[in-house]
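S.K.: Following this line is start_4.txt, made up of compact mmCIF, C-alpha atoms:
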# COMPACT_ATOMS: atom_id res chain seq x y z
CA MET A 122 128.95 78.96 113.00
CA ASN A 123 128.93 80.07 116.63
CA GLN A 124 126.39 82.34 118.28
CA GLU A 125 128.75 85.33 118.38
CA VAL A 126 129.12 85.24 114.58
CA LYS A 127 125.36 84.84 114.10
CA ASP A 128 124.70 87.81 116.37
CA PHE A 129 127.25 89.96 114.51
CA THR A 130 125.87 89.14 111.06
CA LEU A 131 122.31 89.77 112.25
CA ALA A 132 123.29 93.14 113.76
CA LEU A 133 125.17 94.16 110.61
CA SER A 134 122.25 93.05 108.44
CA ARG A 135 119.83 95.16 110.49
CA PHE A 136 122.19 98.15 110.29
CA VAL A 137 122.48 97.86 106.49
CA THR A 138 118.71 97.45 106.12
CA ALA A 139 118.01 100.48 108.29
CA LEU A 140 120.52 102.59 106.36
CA LEU A 141 118.98 101.66 103.01
CA ARG A 142 115.47 102.30 104.32
CA GLU A 143 116.51 105.67 105.77
CA ARG A 144 118.09 106.77 102.51
CA GLY A 145 115.38 105.32 100.32
CA GLU A 146 117.76 104.20 97.60
CA MET A 147 119.17 101.05 96.06
CA ALA A 148 122.53 99.91 97.35
CA GLU A 149 124.10 100.52 93.93
CA TYR A 150 123.39 104.24 94.29
CA CYS A 151 124.48 104.51 97.91
CA HIS A 152 128.00 105.93 98.20
CA ALA A 153 128.32 105.28 101.91
CA ALA A 154 130.41 102.72 103.69
CA ILE A 155 129.90 101.07 107.04
CA ARG A 156 132.78 101.12 109.49
CA VAL A 157 132.94 98.30 111.99
CA ALA A 158 133.97 100.22 115.11
CA ASP A 159 133.63 97.29 117.51
CA ALA A 160 132.63 93.89 116.14
CA ARG A 161 132.06 92.21 119.49
CA ASN A 162 129.67 94.93 120.68
CA HIS A 163 128.05 95.44 117.24
CA LEU A 164 129.05 99.09 116.93
CA PHE A 165 128.89 100.48 113.40
CA THR A 166 129.22 103.96 111.92
CA VAL A 167 128.55 105.38 108.47
CA SER A 168 131.22 107.09 106.38
CA GLU A 169 130.23 109.03 103.28
CA ASN A 170 131.77 108.68 99.82
CA CYS A 171 133.92 105.71 100.72
CA GLY A 172 134.59 102.36 99.18
CA THR A 173 135.55 99.10 100.80
CA ASP A 174 138.85 99.24 102.67
CA GLU A 175 139.16 96.20 104.92
CA GLU A 176 142.35 97.53 106.50
CA GLN A 177 140.32 100.51 107.77
CA ASN A 178 137.32 98.30 108.66
CA LEU A 179 135.24 100.00 105.94
CA TYR A 180 132.74 98.13 103.78
CA ALA A 181 130.82 99.83 100.97
CA VAL A 182 127.09 99.35 101.34
CA SER A 183 126.89 98.20 97.72
CA ASP A 184 129.45 95.45 98.50
CA LEU A 185 127.30 94.16 101.36
CA CYS A 186 124.08 93.81 99.37
CA ARG A 187 122.45 91.87 96.59
CA VAL A 188 119.24 92.38 94.63
CA ASP A 189 116.34 90.23 95.82
CA GLU A 190 114.98 88.21 92.88
CA ASN A 191 111.34 88.63 93.94
CA SER A 192 111.11 92.24 95.07
CA PHE A 193 114.04 93.65 93.06
CA GLU A 194 115.11 95.57 96.16
CA SER A 195 118.58 95.73 97.68
CA VAL A 196 118.92 93.42 100.66
CA PRO A 197 121.91 92.44 102.79
CA ASP A 198 123.81 89.50 101.35
CA GLU A 199 124.27 86.97 104.15
CA GLY A 200 127.29 85.42 102.47
CA ARG A 201 129.07 88.74 102.25
CA LEU A 202 128.19 89.59 105.84
CA LEU A 203 129.64 86.26 106.90
CA ALA A 204 132.82 87.08 104.96
CA VAL A 205 133.07 90.33 106.94
CA ALA A 206 132.59 88.40 110.18
CA ARG A 207 135.60 86.22 109.29
CA ASN A 208 137.77 89.31 109.69
CA TYR A 209 136.80 89.60 113.36
CA PHE A 210 135.93 86.12 114.59
CA ASP A 211 137.45 82.66 114.34
CA ILE A 212 135.19 80.74 112.01
I need this file expressed as structure tokens, please.
M.R.:
Amino acid sequence: MNQEVKDFTLALSRFVTALLRERGEMAEYCHAAIRVADARNHLFTVSENCGTDEEQNLYAVSDLCRVDENSFESVPDEGRLLAVARNYFDI
């Protein structure tokens, strides 16, 4: 995995974490989606009441998370974030 992909997944992970913290809810109850506006510059926006639509660069927050086995909190799923990165970078 190259540095550009690592940087993207880290930025997306931080964005998802901040969104969940701001809303104070589990990912399963969050009806927002994250739009990747510019993958190379790590620009993301939030769209309300949306599901995943890869053609529109939309990814439901619940699709990007998993439940941590220790804390039982929603956390970004690195594998899913890497799958999103594959849509924008040559991996």
S.K.: Could you please determine the separation between CA of Glu125 in chain A and CA of Val157 in chain A in Å, to one decimal place?
M.R.: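 About the pair CA of Glu125 in chain A and CA of Val157 in chain A: they are 15.1 Å apart.
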S.K.: Do you have the CA of Glu190 in chain A-CA of Tyr150 in chain A distance handy?
M.R.: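 Taking CA of Glu190 in chain A and CA of Tyr150 in chain A, their separation equals 18.2 Å.
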S.K.: Taking all atoms listed in the file into account, name the residue in A:Asn162, A:Ser195, A:Gln177, A:Ser168 that is nearest to Leu133 in chain A.
M.R.: A:Asn162
S.K.: With all atoms listed in the file as the counted atoms, please give the residues lying no more than 10 Å from range 200-202 of chain A, apart from itself and same-chain residues fewer than 5 positions off, as a ChimeraX atom specification.
M.R.: /A:126-127,129-134,180,184-187,207
S.K.: A:Asn191, A:Gln124, A:Ser183, A:Asn170: which is nearest Leu141 in chain A, counting all atoms listed in the file?
M.R.: A:Ser183
S.K.: For a test of reading the model, state the distance in Å between CA of Phe210 in chain A and CA of Arg142 in chain A, rounded to one decimal.
M.R.: 28.0 Å
S.K.: Name the closest residue to Thr138 in chain A among the candidates A:Glu194, A:Glu175, A:Glu169, A:Asp159; distances are taken between atoms, counting all atoms listed in the file.
M.R.: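 Closest candidate: A:Glu194.
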